[in-house]
Amino acid sequence: MWVVAKVKTKKLSIFKKNLIEKLGNDTQFYHPKVEYQRYFGDKLKKIEKFVLENYIFCYNEKFKKSSSINKFRFLKGLEYFLNGYQQDQKEIIKFIKFCQTFENKEGYLTQAFFKTINIKKAIFISGPFINIIFEILERQKNKLKILISGIVTTIPDRRNYLYAAV
């Protein structure tokens, strides 16, 4: 059974390790992420960003018993488990499978994932407009018509312009 946990990002590896120690090696995790490149000075570095920020999906058969969740409430790195996971299993599985269809061979989500989401405001996370918030006015086949600081422009909807919802 899948559960959704809110974790402290800096203690994610500690949380995973502790949960595996308590539940066993058959515990699975899913944390959708994107990878992009960014210049720091004259060096190009790869950056990994989690799409759901500090939320992670955890799977183990022992989660079927709601009492088992209470045993893990105080794991190091865990803030809390979201309620309602038992009745939302179909939606959780559907979302995970949906995300996995947009992953590349390294396990990172592609820009095509973000094209499927109906968003109005976004922020560039790569390219020449990095960290600039924009409004999507119109989606065309291979380009986006956007509004940046009162200026309407069209940009090609290519890989090197990664953006995420605000």
# chains A, B, ... in the order shown; residues from 1 in each chain; ligands from 1
>>> residues_around(residues="segment 144-157 of chain A", least_positions_apart="5", cutoff="7 Å", atoms="only C-alpha atoms", output="mmCIF file with C-alpha atoms, in the first residue's frame")
data_model
loop_
_atom_site.group_PDB
_atom_site.id
_atom_site.type_symbol
_atom_site.label_atom_id
_atom_site.label_comp_id
_atom_site.auth_asym_id
_atom_site.auth_seq_id
_atom_site.Cartn_x
_atom_site.Cartn_y
_atom_site.Cartn_z
ATOM 1 C CA PHE A 134 5.637 34.183 -16.381
ATOM 2 C CA GLU A 135 2.007 33.697 -17.292
ATOM 3 C CA ILE A 136 1.008 31.247 -20.026
ATOM 4 C CA LEU A 137 -1.428 32.973 -22.354
ATOM 5 C CA GLU A 138 -1.719 30.332 -25.059
ATOM 6 C CA ARG A 139 -0.314 26.913 -25.858
#
>>> closest_atom_pairs(of="segment 28-67 of chain A", to="segment 82-97 of chain A", cutoff="10 Å", atoms="only C-alpha atoms", output="Markdown table")
| residue | atom | partner | partner_atom | distance |
| --- | --- | --- | --- | --- |
| A:Tyr30 | CA | A:Ile96 | CA | 7.6 |
| A:His31 | CA | A:Ile96 | CA | 9.1 |
| A:Pro32 | CA | A:Ile96 | CA | 8.4 |
| A:Tyr55 | CA | A:Leu82 | CA | 9.5 |
| A:Phe57 | CA | A:Ile92 | CA | 8.5 |
| A:Phe63 | CA | A:Gln86 | CA | 8.8 |
| A:Lys64 | CA | A:Gln86 | CA | 7.5 |
| A:Lys65 | CA | A:Gln86 | CA | 9.4 |
| A:Ser66 | CA | A:Gln86 | CA | 8.4 |
>>> atom_distance(atom1="atom CA of Tyr39 of chain A", atom2="atom CA of Tyr161 of chain A")
14.2 Å
>>> residues_around(residues="Leu12 of chain A", least_positions_apart="6", cutoff="12 Å", atoms="only C-alpha atoms", output="list of chain:residue names")
A:Ala5, A:Lys6, A:Asn18, A:Leu19, A:Phe29, A:His31, A:Phe50, A:Glu53, A:Asn54, A:Tyr55, A:Ile56, A:Phe57, A:Leu75, A:Lys76, A:Gly77, A:Leu78, A:Glu79
>>> select_by_dssp(residues="chain A", states="alpha helix (DSSP H)", output="ChimeraX atom specification")
/A:12-23,66-71,89-101,111-116
>>> write_last_selection(atoms="N, CA and C atoms", output="mmCIF file, in the first residue's frame")
data_model
loop_
_atom_site.group_PDB
_atom_site.id
_atom_site.type_symbol
_atom_site.label_atom_id
_atom_site.label_comp_id
_atom_site.auth_asym_id
_atom_site.auth_seq_id
_atom_site.Cartn_x
_atom_site.Cartn_y
_atom_site.Cartn_z
ATOM 1 N N LEU A 12 16.207 13.434 4.049
ATOM 2 C CA LEU A 12 15.503 12.437 3.246
ATOM 3 C C LEU A 12 16.192 11.080 3.303
ATOM 4 N N SER A 13 17.503 11.045 3.157
ATOM 5 C CA SER A 13 18.213 9.762 3.160
ATOM 6 C C SER A 13 18.122 9.084 4.528
ATOM 7 N N ILE A 14 18.134 9.863 5.600
ATOM 8 C CA ILE A 14 17.991 9.302 6.945
ATOM 9 C C ILE A 14 16.602 8.700 7.114
ATOM 10 N N PHE A 15 15.569 9.411 6.614
ATOM 11 C CA PHE A 15 14.202 8.910 6.686
ATOM 12 C C PHE A 15 14.079 7.585 5.942
ATOM 13 N N LYS A 16 14.601 7.530 4.710
ATOM 14 C CA LYS A 16 14.521 6.303 3.918
ATOM 15 C C LYS A 16 15.218 5.146 4.630
ATOM 16 N N LYS A 17 16.409 5.409 5.128
ATOM 17 C CA LYS A 17 17.178 4.375 5.817
ATOM 18 C C LYS A 17 16.418 3.855 7.043
ATOM 19 N N ASN A 18 15.875 4.755 7.855
ATOM 20 C CA ASN A 18 15.137 4.356 9.054
ATOM 21 C C ASN A 18 13.870 3.571 8.721
ATOM 22 N N LEU A 19 13.165 3.990 7.663
ATOM 23 C CA LEU A 19 11.935 3.291 7.278
ATOM 24 C C LEU A 19 12.263 1.881 6.777
ATOM 25 N N ILE A 20 13.338 1.744 6.028
ATOM 26 C CA ILE A 20 13.751 0.420 5.548
ATOM 27 C C ILE A 20 14.153 -0.470 6.724
ATOM 28 N N GLU A 21 14.839 0.112 7.708
ATOM 29 C CA GLU A 21 15.218 -0.663 8.900
ATOM 30 C C GLU A 21 13.987 -1.178 9.642
ATOM 31 N N LYS A 22 12.933 -0.370 9.703
ATOM 32 C CA LYS A 22 11.718 -0.742 10.434
ATOM 33 C C LYS A 22 10.827 -1.701 9.644
ATOM 34 N N LEU A 23 10.744 -1.488 8.325
ATOM 35 C CA LEU A 23 9.806 -2.260 7.507
ATOM 36 C C LEU A 23 10.447 -3.380 6.697
ATOM 37 N N SER A 66 -3.755 0.451 9.381
ATOM 38 C CA SER A 66 -3.615 1.870 9.736
ATOM 39 C C SER A 66 -2.849 2.045 11.041
ATOM 40 N N SER A 67 -2.845 1.032 11.895
ATOM 41 C CA SER A 67 -2.096 1.136 13.152
ATOM 42 C C SER A 67 -0.587 1.155 12.908
ATOM 43 N N SER A 68 -0.151 0.586 11.777
ATOM 44 C CA SER A 68 1.294 0.558 11.500
ATOM 45 C C SER A 68 1.845 1.958 11.217
ATOM 46 N N ILE A 69 1.026 2.832 10.677
ATOM 47 C CA ILE A 69 1.467 4.203 10.405
ATOM 48 C C ILE A 69 1.821 4.906 11.710
ATOM 49 N N ASN A 70 1.049 4.681 12.736
ATOM 50 C CA ASN A 70 1.313 5.328 14.026
ATOM 51 C C ASN A 70 2.658 4.925 14.608
ATOM 52 N N LYS A 71 3.129 3.736 14.284
ATOM 53 C CA LYS A 71 4.423 3.273 14.797
ATOM 54 C C LYS A 71 5.582 4.073 14.212
ATOM 55 N N GLN A 89 -5.796 5.107 -2.889
ATOM 56 C CA GLN A 89 -4.799 4.239 -3.516
ATOM 57 C C GLN A 89 -4.853 4.282 -5.038
ATOM 58 N N LYS A 90 -6.051 4.265 -5.607
ATOM 59 C CA LYS A 90 -6.168 4.283 -7.074
ATOM 60 C C LYS A 90 -5.570 5.555 -7.655
ATOM 61 N N GLU A 91 -5.835 6.698 -7.024
ATOM 62 C CA GLU A 91 -5.306 7.967 -7.518
ATOM 63 C C GLU A 91 -3.787 8.056 -7.348
ATOM 64 N N ILE A 92 -3.284 7.535 -6.241
ATOM 65 C CA ILE A 92 -1.839 7.554 -6.005
ATOM 66 C C ILE A 92 -1.134 6.706 -7.061
ATOM 67 N N ILE A 93 -1.629 5.500 -7.285
ATOM 68 C CA ILE A 93 -1.026 4.604 -8.283
ATOM 69 C C ILE A 93 -1.122 5.214 -9.675
ATOM 70 N N LYS A 94 -2.266 5.811 -9.988
ATOM 71 C CA LYS A 94 -2.467 6.447 -11.294
ATOM 72 C C LYS A 94 -1.463 7.591 -11.491
ATOM 73 N N PHE A 95 -1.256 8.418 -10.453
ATOM 74 C CA PHE A 95 -0.304 9.527 -10.555
ATOM 75 C C PHE A 95 1.123 9.020 -10.728
ATOM 76 N N ILE A 96 1.516 8.011 -9.980
ATOM 77 C CA ILE A 96 2.868 7.462 -10.090
ATOM 78 C C ILE A 96 3.105 6.902 -11.481
ATOM 79 N N LYS A 97 2.151 6.140 -12.000
ATOM 80 C CA LYS A 97 2.283 5.583 -13.354
ATOM 81 C C LYS A 97 2.317 6.690 -14.401
ATOM 82 N N PHE A 98 1.511 7.729 -14.199
ATOM 83 C CA PHE A 98 1.500 8.873 -15.112
ATOM 84 C C PHE A 98 2.879 9.534 -15.145
ATOM 85 N N CYS A 99 3.456 9.779 -13.985
ATOM 86 C CA CYS A 99 4.789 10.383 -13.912
ATOM 87 C C CYS A 99 5.838 9.496 -14.586
ATOM 88 N N GLN A 100 5.756 8.199 -14.338
ATOM 89 C CA GLN A 100 6.747 7.278 -14.888
ATOM 90 C C GLN A 100 6.710 7.230 -16.411
ATOM 91 N N THR A 101 5.566 7.527 -17.024
ATOM 92 C CA THR A 101 5.502 7.534 -18.488
ATOM 93 C C THR A 101 6.284 8.707 -19.081
ATOM 94 N N GLN A 111 10.288 17.542 -19.988
ATOM 95 C CA GLN A 111 9.442 18.729 -20.081
ATOM 96 C C GLN A 111 8.039 18.374 -20.548
ATOM 97 N N ALA A 112 7.892 17.272 -21.250
ATOM 98 C CA ALA A 112 6.569 16.850 -21.720
ATOM 99 C C ALA A 112 5.600 16.662 -20.557
ATOM 100 N N PHE A 113 6.103 16.292 -19.392
ATOM 101 C CA PHE A 113 5.259 16.144 -18.207
ATOM 102 C C PHE A 113 4.582 17.467 -17.872
ATOM 103 N N PHE A 114 5.337 18.557 -17.903
ATOM 104 C CA PHE A 114 4.807 19.864 -17.532
ATOM 105 C C PHE A 114 3.848 20.414 -18.583
ATOM 106 N N LYS A 115 4.002 19.963 -19.824
ATOM 107 C CA LYS A 115 3.082 20.394 -20.876
ATOM 108 C C LYS A 115 1.679 19.834 -20.659
ATOM 109 N N THR A 116 1.595 18.697 -19.997
ATOM 110 C CA THR A 116 0.296 18.063 -19.785
ATOM 111 C C THR A 116 -0.486 18.700 -18.646
#
>>> select_by_dssp(residues="chain A", states="strand (DSSP E)", output="MDAnalysis selection string")
chainID A and resid 2:7 28:30 33:40 43:50 55:59 78:81 121:124 133:139 143:148 151:156 163:165
>>> write_last_selection(atoms="C-alpha atoms", output="PDB file, in the first residue's frame")
ATOM      1  CA  TRP A   2       1.275   3.469  -0.906  1.00  0.00           C
ATOM      2  CA  VAL A   3       1.445   6.329   1.601  1.00  0.00           C
ATOM      3  CA  VAL A   4       2.499   9.931   1.098  1.00  0.00           C
ATOM      4  CA  ALA A   5       4.999  11.340   3.571  1.00  0.00           C
ATOM      5  CA  LYS A   6       6.121  14.903   4.084  1.00  0.00           C
ATOM      6  CA  VAL A   7       9.802  14.802   4.957  1.00  0.00           C
ATOM      7  CA  GLN A  28       9.826   1.199  -2.203  1.00  0.00           C
ATOM      8  CA  PHE A  29      10.058   4.959  -2.674  1.00  0.00           C
ATOM      9  CA  TYR A  30       8.973   7.237  -5.499  1.00  0.00           C
ATOM     10  CA  LYS A  33      12.371  14.832 -10.049  1.00  0.00           C
ATOM     11  CA  VAL A  34      13.779  16.885 -12.923  1.00  0.00           C
ATOM     12  CA  GLU A  35      17.361  17.504 -13.906  1.00  0.00           C
ATOM     13  CA  TYR A  36      18.650  20.642 -15.547  1.00  0.00           C
ATOM     14  CA  GLN A  37      21.905  22.483 -16.045  1.00  0.00           C
ATOM     15  CA  ARG A  38      22.821  25.871 -14.684  1.00  0.00           C
ATOM     16  CA  TYR A  39      25.891  28.073 -14.896  1.00  0.00           C
ATOM     17  CA  PHE A  40      27.699  29.033 -11.706  1.00  0.00           C
ATOM     18  CA  LYS A  43      31.083  26.230 -14.760  1.00  0.00           C
ATOM     19  CA  LEU A  44      28.021  24.336 -15.888  1.00  0.00           C
ATOM     20  CA  LYS A  45      26.526  22.191 -13.126  1.00  0.00           C
ATOM     21  CA  LYS A  46      23.754  19.644 -13.175  1.00  0.00           C
ATOM     22  CA  ILE A  47      20.979  20.355 -10.704  1.00  0.00           C
ATOM     23  CA  GLU A  48      18.341  17.938  -9.482  1.00  0.00           C
ATOM     24  CA  LYS A  49      15.017  19.302  -8.251  1.00  0.00           C
ATOM     25  CA  PHE A  50      12.174  17.336  -6.694  1.00  0.00           C
ATOM     26  CA  TYR A  55       6.672  14.909  -0.388  1.00  0.00           C
ATOM     27  CA  ILE A  56       7.599  11.308  -1.153  1.00  0.00           C
ATOM     28  CA  PHE A  57       5.585   8.186  -1.937  1.00  0.00           C
ATOM     29  CA  CYS A  58       6.415   5.121   0.183  1.00  0.00           C
ATOM     30  CA  TYR A  59       5.206   1.583  -0.493  1.00  0.00           C
ATOM     31  CA  LEU A  78       9.602  12.659   8.833  1.00  0.00           C
ATOM     32  CA  GLU A  79       7.247  15.577   9.371  1.00  0.00           C
ATOM     33  CA  TYR A  80       4.026  13.565   8.923  1.00  0.00           C
ATOM     34  CA  PHE A  81       2.132  11.075   6.775  1.00  0.00           C
ATOM     35  CA  LYS A 121       1.724  30.729 -13.968  1.00  0.00           C
ATOM     36  CA  ALA A 122       5.155  29.148 -14.054  1.00  0.00           C
ATOM     37  CA  ILE A 123       8.800  29.882 -13.375  1.00  0.00           C
ATOM     38  CA  PHE A 124      11.714  29.097 -15.641  1.00  0.00           C
ATOM     39  CA  ILE A 133       7.898  34.024 -13.341  1.00  0.00           C
ATOM     40  CA  PHE A 134       5.637  34.183 -16.381  1.00  0.00           C
ATOM     41  CA  GLU A 135       2.007  33.697 -17.292  1.00  0.00           C
ATOM     42  CA  ILE A 136       1.008  31.247 -20.026  1.00  0.00           C
ATOM     43  CA  LEU A 137      -1.428  32.973 -22.354  1.00  0.00           C
ATOM     44  CA  GLU A 138      -1.719  30.332 -25.059  1.00  0.00           C
ATOM     45  CA  ARG A 139      -0.314  26.913 -25.858  1.00  0.00           C
ATOM     46  CA  LYS A 143       5.532  27.123 -28.789  1.00  0.00           C
ATOM     47  CA  LEU A 144       4.127  29.024 -25.849  1.00  0.00           C
ATOM     48  CA  LYS A 145       2.703  32.507 -25.905  1.00  0.00           C
ATOM     49  CA  ILE A 146       3.680  33.998 -22.546  1.00  0.00           C
ATOM     50  CA  LEU A 147       3.512  37.238 -20.589  1.00  0.00           C
ATOM     51  CA  ILE A 148       6.698  38.331 -18.807  1.00  0.00           C
ATOM     52  CA  ILE A 151       5.618  41.939 -22.378  1.00  0.00           C
ATOM     53  CA  VAL A 152       3.896  39.349 -24.556  1.00  0.00           C
ATOM     54  CA  THR A 153       6.310  37.033 -26.331  1.00  0.00           C
ATOM     55  CA  THR A 154       6.402  33.604 -27.921  1.00  0.00           C
ATOM     56  CA  ILE A 155       9.040  31.048 -27.039  1.00  0.00           C
ATOM     57  CA  PRO A 156       9.733  27.687 -28.647  1.00  0.00           C
ATOM     58  CA  TYR A 163       9.706  25.483 -16.303  1.00  0.00           C
ATOM     59  CA  ALA A 164       7.649  24.481 -13.304  1.00  0.00           C
ATOM     60  CA  ALA A 165       4.305  25.582 -11.901  1.00  0.00           C
TER      61      ALA A 165
END
